[in-house]
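> Let me give you the structure first, and then I'll get to my questions.
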Amino acid sequence: MCYFFNMMKYPLILFDGVCNLCNGTIDFVLRHDKGKQFRFVPLQSKAGKKVKEKLHLSSESDTVIFYFDKKVYTESDAVIEILRFLPAPWKWFVIVIIIPKSVRDKIYKWIAKNRYKWFGQKQTCRIPTPQEKQFFPEAEDLHI
C-alpha cells in the first residue's frame, strides 16, 4: 500500500532503526501523538537515505533528525522540537531549552555514544506493525 507523504504537512522523525532506545522513543511518541501527526523513517532505510540526501545531511549521520516546515533539527534541538508537538504534560519538558545548547548537546552525545551498550540494538531495522505502517513512509512515498 502506498501512502502519499507530503513532507511539508507532517513532522518527520528520522531515527536509528536498530537502536533499542530509539525504537522505544518512537513507541512512546506513537502512543502519545494523539493527532497522529508524526511520520517516522529509520536512518538506515532507503527512505532515510533519500531524506538525508535531499536535505544535504551526512550519509554517516546517526543522530535523531527532526524535519518540519523546511527546517532541520538534530541532537537535543530535535528532541525539544518533538516534545513541542506532544500533548501536556510531555510538551512541558521543552523547559530544558533554558539549558545552553552546548550542554544539552554534550549530554545528548554522551547518551547517543552509549546507547547500544546501555539499551542494546537489533540486528535489523524496526518493521512497523500493520497498524503503524501508515506512519512509516517508504522512499517512493516521500515527496520533498
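Identifiers in this document derive from the order of the C-alpha cells: chains are assigned A, B, ..., residues are numbered from 1 separately in each chain, and ligands are numbered from 1 in order of occurrence.
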Name the residues of chain A that come out as helix (DSSP H, G or I) in a backbone DSSP run; write them as number ranges by chain.
A: 20-32, 46-54, 75-85, 90-98, 101-119, 133-135, 139-141
> If we count only C-alpha atoms, what is near A:Lys101 at a cut-off of 10 Å, once residues fewer than 4 positions away on the same chain are taken out, given as number ranges by chain?
A: 75-77, 96-97, 105-107
> For A:Glu60, please output as a list of chain:residue names all residues within 10 Å (counting only C-alpha atoms; exclusion window: fewer than 6 positions along the same chain).
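Non-adjacent residues within range: A:Leu43, A:Gln44, A:Lys49, A:Lys52.
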> Pick out the residues sitting within 10 Å of A:Ile65, and hand them over as a ChimeraX atom specification; count only C-alpha atoms, and ignore anything fewer than 4 positions along from it in its own chain.
/A:12-16,41,43,52,57,61,72-79,82
> Could you please take those selected residues and save N, CA and C atoms as a PDB file, in the first residue's frame?

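Writing done, so here's result.pdb:
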ATOM      1  N   LEU A  12       8.496  15.064  10.580  1.00  0.00           N
ATOM      2  CA  LEU A  12       9.179  13.813  10.266  1.00  0.00           C
ATOM      3  C   LEU A  12      10.308  13.573  11.262  1.00  0.00           C
ATOM      4  N   ILE A  13      10.353  12.365  11.812  1.00  0.00           N
ATOM      5  CA  ILE A  13      11.431  11.968  12.715  1.00  0.00           C
ATOM      6  C   ILE A  13      12.242  10.883  12.032  1.00  0.00           C
ATOM      7  N   LEU A  14      13.528  11.147  11.821  1.00  0.00           N
ATOM      8  CA  LEU A  14      14.452  10.125  11.348  1.00  0.00           C
ATOM      9  C   LEU A  14      15.187   9.596  12.567  1.00  0.00           C
ATOM     10  N   PHE A  15      15.275   8.281  12.685  1.00  0.00           N
ATOM     11  CA  PHE A  15      15.832   7.681  13.888  1.00  0.00           C
ATOM     12  C   PHE A  15      16.675   6.462  13.542  1.00  0.00           C
ATOM     13  N   ASP A  16      17.513   6.053  14.479  1.00  0.00           N
ATOM     14  CA  ASP A  16      18.345   4.868  14.318  1.00  0.00           C
ATOM     15  C   ASP A  16      17.440   3.646  14.456  1.00  0.00           C
ATOM     16  N   VAL A  41      10.971   7.586   9.974  1.00  0.00           N
ATOM     17  CA  VAL A  41      11.802   6.932   8.971  1.00  0.00           C
ATOM     18  C   VAL A  41      13.103   6.485   9.629  1.00  0.00           C
ATOM     19  N   LEU A  43      16.889   5.770   9.824  1.00  0.00           N
ATOM     20  CA  LEU A  43      18.023   6.342   9.095  1.00  0.00           C
ATOM     21  C   LEU A  43      18.642   5.348   8.113  1.00  0.00           C
ATOM     22  N   LYS A  52      18.065  12.038   3.856  1.00  0.00           N
ATOM     23  CA  LYS A  52      19.371  12.629   4.177  1.00  0.00           C
ATOM     24  C   LYS A  52      19.998  13.256   2.936  1.00  0.00           C
ATOM     25  N   LEU A  57      22.238  16.123   4.273  1.00  0.00           N
ATOM     26  CA  LEU A  57      22.786  15.685   5.552  1.00  0.00           C
ATOM     27  C   LEU A  57      23.812  14.597   5.288  1.00  0.00           C
ATOM     28  N   SER A  61      25.387  10.295   9.248  1.00  0.00           N
ATOM     29  CA  SER A  61      24.657  10.824  10.395  1.00  0.00           C
ATOM     30  C   SER A  61      23.833   9.721  11.067  1.00  0.00           C
ATOM     31  N   VAL A  72      15.509  21.749   9.661  1.00  0.00           N
ATOM     32  CA  VAL A  72      16.111  20.509  10.137  1.00  0.00           C
ATOM     33  C   VAL A  72      16.658  20.756  11.538  1.00  0.00           C
ATOM     34  N   TYR A  73      16.319  19.854  12.449  1.00  0.00           N
ATOM     35  CA  TYR A  73      16.815  19.925  13.822  1.00  0.00           C
ATOM     36  C   TYR A  73      17.518  18.604  14.137  1.00  0.00           C
ATOM     37  N   THR A  74      18.632  18.690  14.835  1.00  0.00           N
ATOM     38  CA  THR A  74      19.366  17.489  15.221  1.00  0.00           C
ATOM     39  C   THR A  74      19.686  17.539  16.711  1.00  0.00           C
ATOM     40  N   GLU A  75      20.102  16.396  17.216  1.00  0.00           N
ATOM     41  CA  GLU A  75      20.533  16.246  18.607  1.00  0.00           C
ATOM     42  C   GLU A  75      19.484  16.781  19.579  1.00  0.00           C
ATOM     43  N   SER A  76      19.902  17.551  20.573  1.00  0.00           N
ATOM     44  CA  SER A  76      18.951  17.991  21.601  1.00  0.00           C
ATOM     45  C   SER A  76      17.875  18.918  21.032  1.00  0.00           C
ATOM     46  N   ASP A  77      18.182  19.667  19.997  1.00  0.00           N
ATOM     47  CA  ASP A  77      17.167  20.525  19.377  1.00  0.00           C
ATOM     48  C   ASP A  77      16.045  19.679  18.769  1.00  0.00           C
ATOM     49  N   ALA A  78      16.399  18.528  18.196  1.00  0.00           N
ATOM     50  CA  ALA A  78      15.385  17.633  17.630  1.00  0.00           C
ATOM     51  C   ALA A  78      14.466  17.114  18.737  1.00  0.00           C
ATOM     52  N   VAL A  79      15.051  16.733  19.854  1.00  0.00           N
ATOM     53  CA  VAL A  79      14.252  16.223  20.980  1.00  0.00           C
ATOM     54  C   VAL A  79      13.284  17.301  21.468  1.00  0.00           C
ATOM     55  N   ILE A  82      10.413  17.762  19.000  1.00  0.00           N
ATOM     56  CA  ILE A  82       9.468  16.641  19.096  1.00  0.00           C
ATOM     57  C   ILE A  82       8.556  16.844  20.302  1.00  0.00           C
TER      58      ILE A  82
END
> When you count only C-alpha atoms, which of these residues is closest to A:Val29: A:Phe136, A:Tyr10, A:Tyr116, A:Trp90?
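The answer is A:Trp90, which sits nearest to A:Val29.
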> Which residue, A:Gly35, A:Gly17, A:Pro128, A:Pro100, has the smallest gap to A:Asp62 when you use only C-alpha atoms?
A:Gly17
> Show me, as a PyMOL selection string, the residues that have an atom within 8 Å of A:Arg84 when counting only C-alpha atoms, minus same-chain residues fewer than 5 positions from it.
chain A and resi 91-92+94
> For each of A:Ile95, A:Val51, A:Val18, A:Leu86, take the minimum atom-to-atom distance to A:Arg31, counting only C-alpha atoms, then give the residue where this is smallest.
A:Leu86
> Which residue is closest to A:Asp33? Choose from A:Asp69, A:Gln123, A:Ala139, A:Ala88 and count only C-alpha atoms.
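Closest residue, counting only C-alpha atoms: A:Ala88.
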> Extract the full set of strand (DSSP E or B) residues from chain A according to DSSP on the backbone, and format it as a list in words.
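Of chain A, only Phe5, Asn6, Leu12, Ile13, Leu14, Phe15, Cys19, Arg39, Phe40, Val41, Pro42, Ile65, Phe66, Tyr67, Phe68, Lys71, Val72, Tyr73, Thr74, Gln121, Leu142 and His143 of chain A fall in strand (DSSP E or B).
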> Which residue is closest to A:Lys70? Choose from A:Lys54, A:Arg115, A:Trp110, A:Phe28 and count only C-alpha atoms.
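Of A:Lys54, A:Arg115, A:Trp110, A:Phe28, the one nearest A:Lys70 is A:Lys54, counting only C-alpha atoms.
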> If we count only C-alpha atoms, what is near A:Phe135 at a cut-off of 8 Å, once residues fewer than 6 positions away on the same chain are taken out, given as a list of chain:residue names?
A:Phe38, A:Arg39, A:Phe40
> Restricting the output to N, CA, C and O atoms, write the selected residues as a JSON list (two decimals), in the first residue's frame.

[["chain", "number", "residue", "atom", "x", "y", "z"],
["A", 38, "PHE", "N", 2.92, 12.75, 13.50],
["A", 38, "PHE", "CA", 4.30, 12.41, 13.18],
["A", 38, "PHE", "C", 4.39, 11.32, 12.12],
["A", 38, "PHE", "O", 3.54, 10.45, 12.03],
["A", 39, "ARG", "N", 5.49, 11.37, 11.36],
["A", 39, "ARG", "CA", 5.88, 10.29, 10.46],
["A", 39, "ARG", "C", 7.31, 9.92, 10.85],
["A", 39, "ARG", "O", 8.08, 10.76, 11.32],
["A", 40, "PHE", "N", 7.66, 8.64, 10.62],
["A", 40, "PHE", "CA", 8.91, 8.10, 11.13],
["A", 40, "PHE", "C", 9.66, 7.38, 10.02],
["A", 40, "PHE", "O", 9.05, 6.62, 9.25]]
> Can you work out the spacing between atom CA of A:Pro11 and atom CA of A:Lys133 in Å, to one decimal?
16.0 Å
